[in-house]
Amino acid sequence: MKSNTINLPKDTYISDIEPFKSKGIPTNSIVHKEITGCGITTFEIRFAKHHSIIILPNVPVIKGKVAEHNKRYPDDKIIGVHKGIDIEDVEEYIDSDVQYKKILTTPEGFINKVMPALDSIWLTVQESWFLLYDECERIITDVSYRGKIAAPLEVFFEFKNKALVSATTLNYSDPRFKDFERYDIVPDYDFSQPLKVISTNNVIAAVKSILDELQSEHVCIFFNSTKGIYALTKTLDIVKQSKAFCSYDSAKKLWLRGLSNATDEFTVEDMPKYSLFTSRYFSAVDINLDYNPDVIMISDVFFADHSILDPRTEVIQIAGRFRNGLNSLTHITNFNPNIEYRNEADELVYLNGCLDTYEHIVHLLRNADHPGVQETLKFFVEKSPIAGFYTNGIRNHFMIDNDLNAERVKCYYQQQQNLKSAYDGVSKHFIAVYLDENYPIADEDLFQLAAKTTKREKHAQVAILLEKYSSKVGSSYKFLSEAARKHKDELIFKYPLIAKAHNLLGLQKLQETGFKNKEIQKAVRAATKYNEIARLKPFVQAVFEEHTVYEDTKVKALIESAYTKAGSNFNSTSAHILRYFDGQRTTRNAVNVYVLKNKRDEVKSK
C-alpha cells in the first residue's frame with residue numbers, strides 16, 4: 001500500500017490543506033489523521049460537492065452531527081439513519097431539493113434502510129456517490145460481537161468513490177485493500193497531553209483515591225462495563241450524583257439494578273457531577289463543554305475483561321472527545337499475570353490451523369453420503385466457534401484481524417511493563433506518568449472468591465479475605481472504610497461459621513482443618529471452650545491461694561461461686577481447679593483434697 005504524509009499546521013482543518021481542499025478525499029484511500037477533530041467528516045458533509053453516504057459506528061454521533069449541521073445550515077439539510085428513521089424517510093430525503101445529499105448511517109442502517117431506499121438508482125449511486133466509512137478501526141475491534149459492522153464492506157468495494165478514515169486506524173489483511181493508498185495527516189506541532197497511568201490491584205479503591213485527590217465538580221468516567229458502572233457508583237455511594245450514558249439495553253439493566261439515571265440519549269446539558277460512558281461513546285461523539293472535566297478511564301481485567309482499553313485506539317479516541325480540552329486524564333487499571341496470549345506470528349499460525357481444519361471438515365461434509373457422518377460433521381460445522389470466521393463460506397479477514405488485535409491488546413494487561421510499552425508506542429499523544437496504588441484487598445482476591453466452585457474452596461478464600469480485612473494494614477489502608485466494612489459484614493453474614501472460626505482460631509489454625517465442616521465445628525467448640533476457661537481464670541484464681549491445700553468439696557463450692565460471679569454457664573466440678581493452678585488431687589486422712597501450687601499463666605482446656 002502506497003503511503004502519503006501530509007502535514008497539518010496548527011489551528012487548521014482538512015478543508016484547509018491539499019489535496020483535500022481542491023480535490024476532496026481521495027478515492028480508494030485510508031486516511032489516518034493522527035489527531036481527532038481535524039474535520040474530515042465535516043469536510044465531506046459540508047464542502048464535498050457530491051452526494052455522500054457516511055457510515056459511522058454508533059447512533060449518538062449521527063444524531064449529534066445531524067442536529068448540529070441542520071441547525072447551522074437549515075437549507076442544506078442532511079439525514080441521519082437510525083431507529084425511528086425508515087426507508088420511506090430516506091426516500092423522501094432523496095427526492096428533496098437538497099443539492100448534495102448527505103446520508104449518515106450506522107452499518108446496520110446502511111444495509112437495512114439506505115440500500116433499499118436507493119435500490120432504484122443503485123448503479124448511479126455506485127458510480128457517482130462517495131461512500132466514507134468513519135472510525136474505520138471499529139470494523140476490526142467490534143466485528144466479533146457485532147457482525148453487521150463489516151457488512152457494508154461487501155458492497156463498499158463496488159463503489160467507484162470510497163474511503164475509510166479514523167484517527168486510530170488499524171491494518172487490514174483483506175487483499176481487496178492492496179491497491180488502496182494511505183494518507184497520514186500529521187500535525188506539525190506538539191499535540192501531546194499529560195496522562196496519569198495508575199496501576200492498581202483494586203480498581204474501585206484507586207478510583208476513590210483519585211476522586212479524593214481531584215476534588216472535582218466535573219468527572220467523566222469511561223468504563224465499558226454495565227456491571228462495573230453499577231458496582232462503582234454503588235460502592236462509592238455516588239449513585240445520586242451520577243448518570244450513565246450507554247445503549248438502551250444497558251440502560252435497562254442499570255434501571256433494574258437501581259441506577260435509574262441511565263440513558264441512551266446524550267446531551268451535555270444532562271451531564272451531572274459524575275458522567276459515566278460505555279464504549280458507545282468512546283469514539284466520534286463530540287463533547288463540547290464550557291468547562292474542562294477530569295477524565296478517568298478504567299480497565300478491569302478480572303471482573304470486566306471486555307473493559308480493557310487499547311492505548312493505540314480507544315484511549316486516543318476517549319481523550320479526543322473533549323473538543324474544548326480537559327483538566328486531567330487518568331487511566332486506572334489492574335493486571336492479571338495469568339493472562340495467556342500469543343504474539344501475532346504465533347496466533348496467526350494457530351488460527352490458520354483452526355481454519356484449515358474447519359475447511360477440511362466442510363469438505364468432508366460436502367462429500368459425505370452416510371447420514372450419521374453428515375449429522376456429526378454438520379453439527380461441528382454449524383456449532384464451531386470457527387464458523388464465525390466465515391462469510392458465505394469465505395474467510396472473513398476482519399474476524400481474523402479482530403482475533404489478532406484482541407491478542408495484542410490482551411498482552412498489555414498481563415503486566416505493567418507491557419502497558420508501558422504500549423503507551424511508548426503512542427508517545428506523540430501522551431506524556432505518561434506511572435503510579436502504583438496497591439491495597440491489602442485486591443480485585444484478584446474478590447475474583448477468586450467469585451470463581452470458586454466448591455464450598456471448601458469458597459470457605460478458604462473467605463478466610464483469606466477476612467484475614468486481610470482484620471489485619472492492621474487492612475483496617476487502616478485508604479480504601480473506602482465504609483465499603484470495606486460493608487463487604488466484611490456481608491462475608492460474616494453469608495459465611496457465619498467461617499467468620500466465627502476465623503475469629504476464634506485465626507487463619508493458620510483454620511487452614512489446618514482443611515475447611516471440612518466437621519473439623520471446623522470441632523475446632524470452634526474447642527476454641528470456644530478454651531476462651532471461656534481463659535476468661536474465667538482471674539475469677540477463679542482470685543478465690544484461691546497458691547501453695548494451699550483445699551478439701552474437694554470446698555474447691556467445688558469456691559469454683560461454683562467464681563463461675564456465678566463471672567456469669568458463666570459452665571457446670572462446676574472440683575477438677576476444674578487444675579485448669580488454673582499447678583497441683584494435684586490426693587487423699588489426706590481419708591479426705592479428698594487438692595494440693596495447689598503456682599497459679600497457671602496458661603490455662604488448660606481439660
# chains A, B, ... in the order shown; residues from 1 in each chain; ligands from 1
call {"tool": "closest_atom_pairs", "arguments": {"of": "range 187-291 of chain A", "to": "range 419-436 of chain A", "cutoff": "6 Å", "atoms": "only C-alpha atoms", "output": "tab-separated table"}}
result
residue	atom	partner	partner_atom	distance
A:Ser192	CA	A:His429	CA	4.3
A:Gln193	CA	A:Phe430	CA	5.0
A:Pro194	CA	A:Ile431	CA	4.7
A:Leu195	CA	A:Ala432	CA	4.7
A:Lys196	CA	A:Val433	CA	5.0
A:Val197	CA	A:Tyr434	CA	4.9
A:Ile198	CA	A:Leu435	CA	4.8
A:Ser199	CA	A:Asp436	CA	4.9
A:Thr200	CA	A:Asp436	CA	5.9
call {"tool": "residues_around", "arguments": {"residues": "Asn352 in chain A", "least_positions_apart": "2", "cutoff": "12 Å", "atoms": "only C-alpha atoms", "output": "PyMOL selection string"}}
result
chain A and resi 344-350+354-360+386+389+395+397+400+403-404
call {"tool": "residues_around", "arguments": {"residues": "Thr586 in chain A", "least_positions_apart": "5", "cutoff": "12 Å", "atoms": "only C-alpha atoms", "output": "list in words"}}
result
Val549, Tyr550, Glu551, Asp552, Ala575, Val591, Asn592, Val593, Tyr594, Val595 and Leu596 of chain A
call {"tool": "select_by_dssp", "arguments": {"residues": "range 216-372 of chain A", "states": "strand (DSSP E or B)", "output": "MDAnalysis selection string"}}
result
chainID A and resid 219:222 242:245 262:263 274:277 287 294:300 304 322 328:333
call {"tool": "residues_around", "arguments": {"residues": "range 85-94 of chain A", "least_positions_apart": "6", "cutoff": "7 Å", "atoms": "only C-alpha atoms", "output": "PyMOL selection string"}}
result
chain A and resi 101+113-114+116-117
call {"tool": "write_last_selection", "arguments": {"atoms": "N, CA and C atoms", "output": "PDB file, in the first residue's frame"}}
result
ATOM      1  N   LYS A 101     -26.898  15.415  -1.493  1.00  0.00           N
ATOM      2  CA  LYS A 101     -27.475  14.561  -0.456  1.00  0.00           C
ATOM      3  C   LYS A 101     -26.347  13.998   0.421  1.00  0.00           C
ATOM      4  N   LYS A 113     -31.746  -0.089   5.532  1.00  0.00           N
ATOM      5  CA  LYS A 113     -32.591   1.046   5.139  1.00  0.00           C
ATOM      6  C   LYS A 113     -32.046   1.830   3.952  1.00  0.00           C
ATOM      7  N   VAL A 114     -30.760   2.178   3.997  1.00  0.00           N
ATOM      8  CA  VAL A 114     -30.202   3.013   2.942  1.00  0.00           C
ATOM      9  C   VAL A 114     -30.176   2.277   1.600  1.00  0.00           C
ATOM     10  N   PRO A 116     -31.977  -0.347   0.523  1.00  0.00           N
ATOM     11  CA  PRO A 116     -33.322  -0.493  -0.074  1.00  0.00           C
ATOM     12  C   PRO A 116     -33.875   0.826  -0.602  1.00  0.00           C
ATOM     13  N   ALA A 117     -33.603   1.928   0.111  1.00  0.00           N
ATOM     14  CA  ALA A 117     -34.116   3.228  -0.321  1.00  0.00           C
ATOM     15  C   ALA A 117     -33.481   3.675  -1.633  1.00  0.00           C
TER      16      ALA A 117
END
call {"tool": "select_by_dssp", "arguments": {"residues": "range 392-583 of chain A", "states": "helix (DSSP H, G or I)", "output": "VMD selection string"}}
result
chain A and resid 397 to 412 416 to 424 443 to 451 455 to 470 472 to 476 481 to 494 496 to 512 517 to 541 552 to 566 574 to 580
